[in-house]
file input_37.cif (mmCIF, C-alpha atoms)
data_upload
#
loop_
_atom_site.label_atom_id
_atom_site.label_comp_id
_atom_site.auth_asym_id
_atom_site.auth_seq_id
_atom_site.Cartn_x
_atom_site.Cartn_y
_atom_site.Cartn_z
CA MET Z 1 0.00 0.00 0.00
CA ASP Z 2 1.23 3.49 -0.77
CA ASN Z 3 2.78 5.25 2.23
CA THR Z 4 0.35 8.15 1.87
CA ILE Z 5 -2.63 5.81 2.26
CA LYS Z 6 -1.01 4.16 5.29
CA ALA Z 7 -0.40 7.58 6.82
CA LEU Z 8 -4.02 8.54 6.14
CA VAL Z 9 -5.27 5.37 7.86
CA ALA Z 10 -2.99 5.99 10.85
CA MET Z 11 -4.18 9.61 10.98
CA ARG Z 12 -7.82 8.46 10.88
CA LYS Z 13 -7.05 6.09 13.78
CA LEU Z 14 -5.45 8.88 15.81
CA ALA Z 15 -8.42 11.16 15.14
CA ALA Z 16 -10.88 8.42 16.17
CA GLU Z 17 -9.01 7.83 19.47
CA MET Z 18 -8.93 11.55 20.15
CA GLU Z 19 -12.62 11.92 19.32
CA ARG Z 20 -13.50 9.11 21.73
CA ASP Z 21 -11.24 10.38 24.54
CA LEU Z 22 -12.57 13.93 24.24
CA GLY Z 23 -16.14 12.61 24.39
CA ILE Z 24 -17.16 13.98 21.01
CA ALA Z 25 -17.46 10.65 19.18
CA ASP Z 26 -20.58 9.94 17.18
CA LEU Z 27 -22.93 7.39 18.69
CA PRO Z 28 -23.46 4.13 16.82
CA GLU Z 29 -26.49 4.35 14.51
CA ALA Z 30 -28.86 2.27 16.70
CA GLN Z 31 -28.01 4.34 19.81
CA ARG Z 32 -28.38 7.59 17.91
CA LEU Z 33 -31.82 6.59 16.59
CA SER Z 34 -32.94 5.35 20.02
CA LEU Z 35 -31.82 8.59 21.65
CA LEU Z 36 -33.63 10.66 19.02
CA ALA Z 37 -36.77 8.56 19.47
CA ALA Z 38 -36.56 8.91 23.25
CA SER Z 39 -36.12 12.65 22.89
CA ASP Z 40 -39.20 12.77 20.69
CA LEU Z 41 -41.30 10.82 23.20
CA ARG Z 42 -40.15 12.36 26.47
CA ASP Z 43 -42.85 14.20 28.37
CA SER Z 44 -42.45 17.46 30.26
CA GLU Z 45 -40.85 15.61 33.21
CA GLY Z 46 -38.42 13.78 30.93
CA LYS Z 47 -40.19 10.40 31.26
CA ILE Z 48 -40.45 7.93 28.39
CA SER Z 49 -42.52 4.76 28.19
CA SER Z 50 -40.33 1.90 26.98
CA ALA Z 51 -43.27 0.29 25.16
CA GLU Z 52 -43.87 3.47 23.19
CA LEU Z 53 -40.16 3.84 22.56
CA ARG Z 54 -39.97 0.38 20.94
CA LEU Z 55 -42.80 1.36 18.57
CA HIS Z 56 -41.37 4.73 17.58
CA PRO Z 57 -40.96 4.97 13.76
CA LEU Z 58 -37.22 5.71 14.09
CA VAL Z 59 -36.46 2.46 15.91
CA ARG Z 60 -39.24 -0.02 15.14
CA GLU Z 61 -37.30 -1.34 12.12
CA LEU Z 62 -34.34 -2.20 14.35
CA ALA Z 63 -34.00 -5.87 15.32
CA ARG Z 64 -35.06 -6.46 18.95
CA PRO Z 65 -31.55 -7.44 20.15
CA THR Z 66 -30.03 -4.39 18.43
CA PHE Z 67 -32.62 -2.11 20.00
CA PHE Z 68 -32.15 -3.50 23.50
CA ARG Z 69 -28.36 -3.44 23.18
CA ALA Z 70 -28.61 0.21 22.17
CA ILE Z 71 -30.87 0.99 25.13
CA SER Z 72 -28.49 -0.81 27.52
CA ALA Z 73 -25.54 1.11 26.12
CA LEU Z 74 -27.42 4.41 26.54
CA GLU Z 75 -28.26 3.41 30.12
CA GLU Z 76 -24.62 2.59 30.84
CA ALA Z 77 -23.56 5.91 29.36
CA GLY Z 78 -26.08 7.67 31.61
CA ARG Z 79 -28.04 9.08 28.69
CA LEU Z 80 -31.15 7.10 29.64
CA ILE Z 81 -31.92 6.63 33.32
CA ARG Z 82 -34.21 4.07 34.87
CA PRO Z 83 -36.19 5.95 37.58
CA LYS Z 84 -35.41 4.86 41.14
CA GLY Z 85 -37.65 2.03 42.35
CA VAL Z 86 -38.91 1.24 38.86
CA GLN Z 87 -37.66 -2.04 37.40
CA ARG Z 88 -39.05 -1.72 33.88
CA GLY Z 89 -41.53 0.16 31.73
CA SER Z 90 -40.09 3.66 31.74
CA TYR Z 91 -36.98 5.72 31.41
CA GLU Z 92 -35.97 9.27 32.09
CA MET Z 93 -33.67 11.41 30.03
CA ARG Z 94 -32.20 14.87 30.11
CA ALA Z 95 -32.92 17.23 27.19
CA LEU Z 96 -30.65 16.76 24.17
CA SER Z 97 -28.23 19.55 23.42
CA ALA Z 98 -27.87 20.88 19.89
CA ASP Z 99 -24.76 18.83 19.12
CA GLU Z 100 -26.28 15.44 20.04
CA MET D 15 4.92 1.37 8.25
CA ASN D 16 7.43 1.25 5.38
CA LYS D 17 9.24 4.55 5.59
CA SER D 18 11.97 3.88 3.09
CA ALA D 19 10.31 4.70 -0.24
CA PHE D 20 9.89 8.26 -1.45
CA SER D 21 6.31 9.04 -2.42
CA LEU D 22 5.47 11.99 -4.64
CA SER D 23 1.89 12.13 -3.33
CA ALA D 24 3.16 12.21 0.28
CA TRP D 25 5.59 15.00 -0.58
CA ILE D 26 2.85 17.06 -2.24
CA THR D 27 0.42 16.41 0.63
CA VAL D 28 2.97 17.40 3.28
CA SER D 29 3.98 20.51 1.31
CA ILE D 30 0.37 21.66 0.94
CA ALA D 31 -0.39 20.93 4.61
CA TYR D 32 2.70 22.82 5.77
CA ALA D 33 2.09 25.81 3.48
CA ALA D 34 -1.58 25.96 4.50
CA SER D 35 -0.81 25.73 8.22
CA TYR D 36 1.95 28.35 7.91
CA SER D 37 -0.38 30.69 6.03
CA MET D 38 -3.08 30.17 8.67
CA THR D 39 -0.58 31.01 11.41
CA ASN D 40 0.77 34.10 9.63
CA GLY D 41 -2.47 35.32 8.14
CA PHE D 42 -4.86 34.75 11.03
CA PHE D 43 -3.25 33.88 14.35
CA GLU D 44 -0.36 36.36 14.11
CA PRO D 45 -2.59 39.41 13.49
CA LEU D 46 -4.92 38.17 16.23
CA GLN D 47 -1.97 37.85 18.60
CA ASN D 48 -0.82 41.37 17.67
CA ILE D 49 -4.21 42.65 18.80
CA LEU D 50 -4.51 40.55 21.97
CA ALA D 51 -0.85 40.55 23.07
CA PRO D 52 0.90 43.44 21.30
CA ASN D 53 3.91 43.36 23.64
CA LEU D 54 5.03 39.89 22.62
CA PRO D 55 8.04 39.73 20.30
CA SER D 56 6.97 39.29 16.67
CA ASN D 57 9.07 36.15 16.16
CA ILE D 58 6.97 34.26 18.74
CA SER D 59 3.68 32.72 17.66
CA LEU D 60 1.37 31.44 20.40
CA MET D 61 -0.40 29.19 17.89
CA PHE D 62 2.24 27.73 15.60
CA ILE D 63 0.37 25.02 13.64
CA PRO D 64 3.30 23.95 11.38
CA HIS D 65 4.91 22.29 14.42
CA GLY D 66 2.10 19.73 14.30
CA VAL D 67 2.65 19.13 10.59
CA ARG D 68 6.36 18.52 11.25
CA ILE D 69 5.66 16.07 14.09
CA LEU D 70 3.06 14.13 12.08
CA THR D 71 5.38 14.03 9.06
CA PHE D 72 8.30 12.60 11.03
CA TYR D 73 5.96 10.15 12.75
CA PHE D 74 4.51 8.85 9.49
CA PHE D 75 7.56 9.06 7.23
CA GLY D 76 10.61 8.95 9.52
CA PRO D 77 13.84 10.54 8.18
CA LEU D 78 12.13 11.08 4.79
CA GLY D 79 10.36 13.88 6.64
CA TYR D 80 13.45 16.05 6.06
CA LEU D 81 13.02 15.63 2.31
CA TYR D 82 9.28 16.28 2.45
CA LEU D 83 9.50 19.29 4.79
CA ALA D 84 12.72 21.11 3.89
CA PRO D 85 11.73 22.61 0.49
CA VAL D 86 8.38 23.97 1.67
CA SER D 87 9.88 25.17 4.96
CA TRP D 88 12.53 27.22 3.17
CA LEU D 89 9.96 28.44 0.64
CA MET D 90 7.74 29.75 3.46
CA TRP D 91 10.81 31.24 5.16
CA ALA D 92 11.76 33.05 1.92
CA LEU D 93 8.22 34.35 1.46
CA GLU D 94 8.19 35.64 5.02
CA VAL D 95 11.62 37.26 4.93
CA TYR D 96 11.62 38.66 1.38
CA GLY D 97 7.88 38.97 0.76
CA GLN D 98 6.69 40.28 4.12
CA GLN D 99 9.94 41.90 5.21
CA HIS D 100 9.92 39.96 8.47
CA ILE D 101 13.67 40.28 8.84
CA GLY D 102 15.58 38.50 11.57
CA PHE D 103 14.54 34.93 10.76
CA LEU D 104 17.55 32.79 9.92
CA PRO D 105 17.38 29.86 7.47
CA ILE D 106 19.43 27.71 9.85
CA GLY D 107 16.52 27.98 12.31
CA ILE D 108 14.46 25.74 10.02
CA LEU D 109 17.11 23.05 10.19
CA PHE D 110 17.12 23.28 14.00
CA SER D 111 13.33 22.95 14.05
CA LEU D 112 13.28 19.92 11.73
CA ILE D 113 16.01 18.13 13.67
CA SER D 114 14.25 18.90 16.99
CA CYS D 115 10.94 17.48 15.73
CA HIS D 116 12.63 14.35 14.39
CA ILE D 117 14.43 13.80 17.69
CA GLY D 118 11.14 14.43 19.58
CA VAL D 119 9.33 11.72 17.61
CA GLU D 120 12.19 9.22 17.89
CA VAL D 121 12.66 9.84 21.63
CA GLY D 122 8.90 9.53 22.12
CA ARG D 123 8.88 6.28 20.13
CA ARG D 124 11.53 4.80 22.41
CA VAL D 125 10.07 6.17 25.64
CA PHE D 126 6.50 5.02 24.99
CA VAL D 127 7.22 1.66 23.39
CA LEU D 128 6.00 -1.05 25.78
CA LYS D 129 5.02 -4.37 24.25
CA ASN D 130 5.68 -3.75 20.57
CA SER D 131 9.04 -3.37 18.91
CA VAL D 132 10.16 0.17 18.13
CA ALA D 133 9.70 -0.51 14.41
CA THR D 134 6.01 -1.41 14.69
CA PHE D 135 5.09 0.96 17.53
CA THR D 136 2.23 3.34 16.89
CA PHE D 137 1.53 6.42 19.02
CA ASN D 138 -1.84 7.20 20.49
CA TRP D 139 -2.76 10.88 20.28
CA LYS D 140 -1.58 11.75 23.78
CA GLN D 141 1.78 10.10 23.20
CA LEU D 142 2.09 11.95 19.91
CA LEU D 143 1.34 15.21 21.68
CA ALA D 144 4.00 14.32 24.28
CA ALA D 145 6.49 13.60 21.48
CA GLY D 146 5.60 17.04 20.15
CA VAL D 147 6.40 18.53 23.56
CA ILE D 148 9.82 16.85 23.55
CA GLY D 149 10.45 18.16 20.03
CA SER D 150 9.27 21.60 21.07
CA LEU D 151 11.54 21.68 24.14
CA LEU D 152 14.53 21.14 21.86
CA ASN D 153 13.18 23.49 19.20
CA SER D 154 12.43 26.25 21.71
CA THR D 155 15.85 25.92 23.33
CA SER D 156 17.70 26.07 20.02
CA LEU D 157 15.64 28.96 18.62
CA THR D 158 15.86 30.93 21.88
CA LEU D 159 19.64 30.63 21.83
CA LEU D 160 19.73 31.41 18.10
CA TYR D 161 17.66 34.59 18.28
CA ASN D 162 18.81 35.92 21.68
CA SER D 163 22.22 36.71 23.07
CA GLY D 164 21.51 34.43 26.04
CA PHE D 165 18.70 32.20 27.29
CA ASP D 166 15.48 34.20 27.52
CA SER D 167 12.78 32.37 29.44
CA LEU D 168 9.87 34.42 27.98
CA THR D 169 10.94 33.56 24.43
CA PHE D 170 11.44 29.92 25.40
CA VAL D 171 7.99 29.61 27.01
CA GLY D 172 6.43 31.47 24.07
CA TYR D 173 7.88 29.05 21.52
CA LEU D 174 6.97 26.03 23.65
CA PHE D 175 3.39 27.17 24.20
CA GLY D 176 2.93 28.08 20.53
CA ASP D 177 4.25 24.76 19.26
CA VAL D 178 2.18 22.62 21.61
CA ALA D 179 -1.00 24.69 21.17
CA GLY D 180 -0.51 24.59 17.40
CA GLN D 181 -0.05 20.82 17.37
CA PHE D 182 -3.14 20.32 19.52
CA LEU D 183 -5.20 22.56 17.24
CA LEU D 184 -3.97 20.68 14.19
CA MET D 185 -4.94 17.33 15.71
CA LEU D 186 -8.32 18.72 16.74
CA SER D 187 -8.78 20.01 13.19
CA LEU D 188 -8.14 16.49 11.91
CA VAL D 189 -10.91 15.18 14.18
CA VAL D 190 -13.30 17.82 12.84
CA PHE D 191 -12.20 17.14 9.26
CA PHE D 192 -12.91 13.41 9.58
CA LYS D 193 -16.23 14.07 11.33
CA LEU D 194 -17.30 16.42 8.53
CA ALA D 195 -16.13 13.96 5.89
CA ARG D 196 -18.31 11.29 7.54
CA ALA D 197 -21.27 13.64 7.81
CA PHE D 198 -21.08 14.59 4.12
CA SER D 199 -20.68 11.00 3.02
CA ASP D 200 -23.90 10.17 4.91
CA LEU D 201 -25.91 12.77 3.00
#
call {"tool": "encode", "arguments": {"input": "input_37.cif", "output": "structure tokens"}}
result
Amino acid sequence: MDNTIKALVAMRKLAAEMERDLGIADLPEAQRLSLLAASDLRDSEGKISSAELRLHPLVRELARPTFFRAISALEEAGRLIRPKGVQRGSYEMRALSADE
Amino acid sequence: MNKSAFSLSAWITVSIAYAASYSMTNGFFEPLQNILAPNLPSNISLMFIPHGVRILTFYFFGPLGYLYLAPVSWLMWALEVYGQQHIGFLPIGILFSLISCHIGVEVGRRVFVLKNSVATFTFNWKQLLAAGVIGSLLNSTSLTLLYNSGFDSLTFVGYLFGDVAGQFLLMLSLVVFFKLARAFSDL
């Protein structure tokens, strides 16, 4: 492979690491769609019904495992929060900023 | 990474990147600095982006970096000295800067190498920034001694800050560039 291409690949890798470390990396597609859907459904108190979320047009085409993996990842990242004392059925989220 | 073969496309890419970053520094950041910090000596730039181009070039291409960087470096020096009448810059300073950046990358490569061999070692972005700091320490020392009768700490800190800030901005610009490229390819 030409050295320029190798350098470009290495530069892309550096940029990706930096993007991730600085917290400005793009979300994977399924997480991005789930977050947008949740943002669309959230009520004035920030609550979202998980049943409604699964049926939202942005995410209903996603395979069930993909959808639930995305939701788990968003929960782990603190972008979706399960309300205290509630095991299932609803989530809470903060308002999305313009760059999300 | 095979660093032994000369590549015309790499040479052109490095030359354009260096000329563009130098023009950005001289055409935007220098006037801005003159407004915000008019008392600083004119040979110090607090946002010297070409330092990042030098570090990346030596990282990706090794000693070939001298061949890729020297012509465009002296061209930009000539434009600055003869075109803009910024007298006082010495051509030997460019050689000092290139050698400092090369040493910075090679020292960084040997300091940060852990499990891999030196030949196959790749920097992460923080290590590359640290290599840039090492290069800048040498560069700032040599340029401070070159342009002053003795060691002047303000000049030294100015060069060091400018080099490191410039390298960070360049790397951040790469992140933005790749993000935009992705965004446009999704359209």
call {"tool": "residues_around", "arguments": {"input": "input_37.cif", "residues": "D:Gly176", "least_positions_apart": "3", "cutoff": "10 Å", "atoms": "all atoms listed in the file", "output": "PyMOL selection string"}}
result
chain D and resi 58-63+65+150+154+170-173+179-182
call {"tool": "interface_residues", "arguments": {"input": "input_37.cif", "of": "chain Z", "to": "chain D", "cutoff": "6 Å", "atoms": "only C-alpha atoms", "output": "JSON, numbers by chain"}}
result
{"Z": [4, 7, 14, 15]}
call {"tool": "resolve_selection", "arguments": {"input": "input_37.cif", "expression": "the PyMOL selection byres ((chain Z and resi 92) around 7)", "output": "compact mmCIF listing (two decimals) with C-alpha atoms, in the coordinates of the input"}}
result
# COMPACT_ATOMS: atom_id res chain seq x y z
CA GLY Z 46 -38.42 13.78 30.93
CA LYS Z 47 -40.19 10.40 31.26
CA ILE Z 48 -40.45 7.93 28.39
CA LEU Z 80 -31.15 7.10 29.64
CA ILE Z 81 -31.92 6.63 33.32
CA ARG Z 82 -34.21 4.07 34.87
CA PRO Z 83 -36.19 5.95 37.58
CA SER Z 90 -40.09 3.66 31.74
CA TYR Z 91 -36.98 5.72 31.41
CA MET Z 93 -33.67 11.41 30.03
call {"tool": "residues_around", "arguments": {"input": "input_37.cif", "residues": "D:Glu94", "least_positions_apart": "2", "cutoff": "12 Å", "atoms": "all atoms listed in the file", "output": "PyMOL selection string"}}
result
chain D and resi 33+36-37+39-41+57+87-92+96-105
call {"tool": "atom_distance", "arguments": {"input": "input_37.cif", "atom1": "atom CA of D:Leu157", "atom2": "atom CA of D:Leu112"}}
result
11.6 Å
call {"tool": "atom_distance", "arguments": {"input": "input_37.cif", "atom1": "atom CA of Z:Pro57", "atom2": "atom CA of Z:Arg42"}}
result
14.7 Å
call {"tool": "atom_distance", "arguments": {"input": "input_37.cif", "atom1": "atom CA of D:Ile30", "atom2": "atom CA of D:Pro85"}}
result
11.4 Å
call {"tool": "closest_residue", "arguments": {"input": "input_37.cif", "among": "D:Leu81, D:Thr155, D:Pro55, D:Val95", "to": "D:Ser114", "atoms": "all atoms listed in the file"}}
result
D:Thr155
call {"tool": "residues_around", "arguments": {"input": "input_37.cif", "residues": "Z:Ala25", "least_positions_apart": "6", "cutoff": "9 Å", "atoms": "all atoms listed in the file", "output": "ChimeraX atom specification"}}
result
/Z:16-19 /D:193
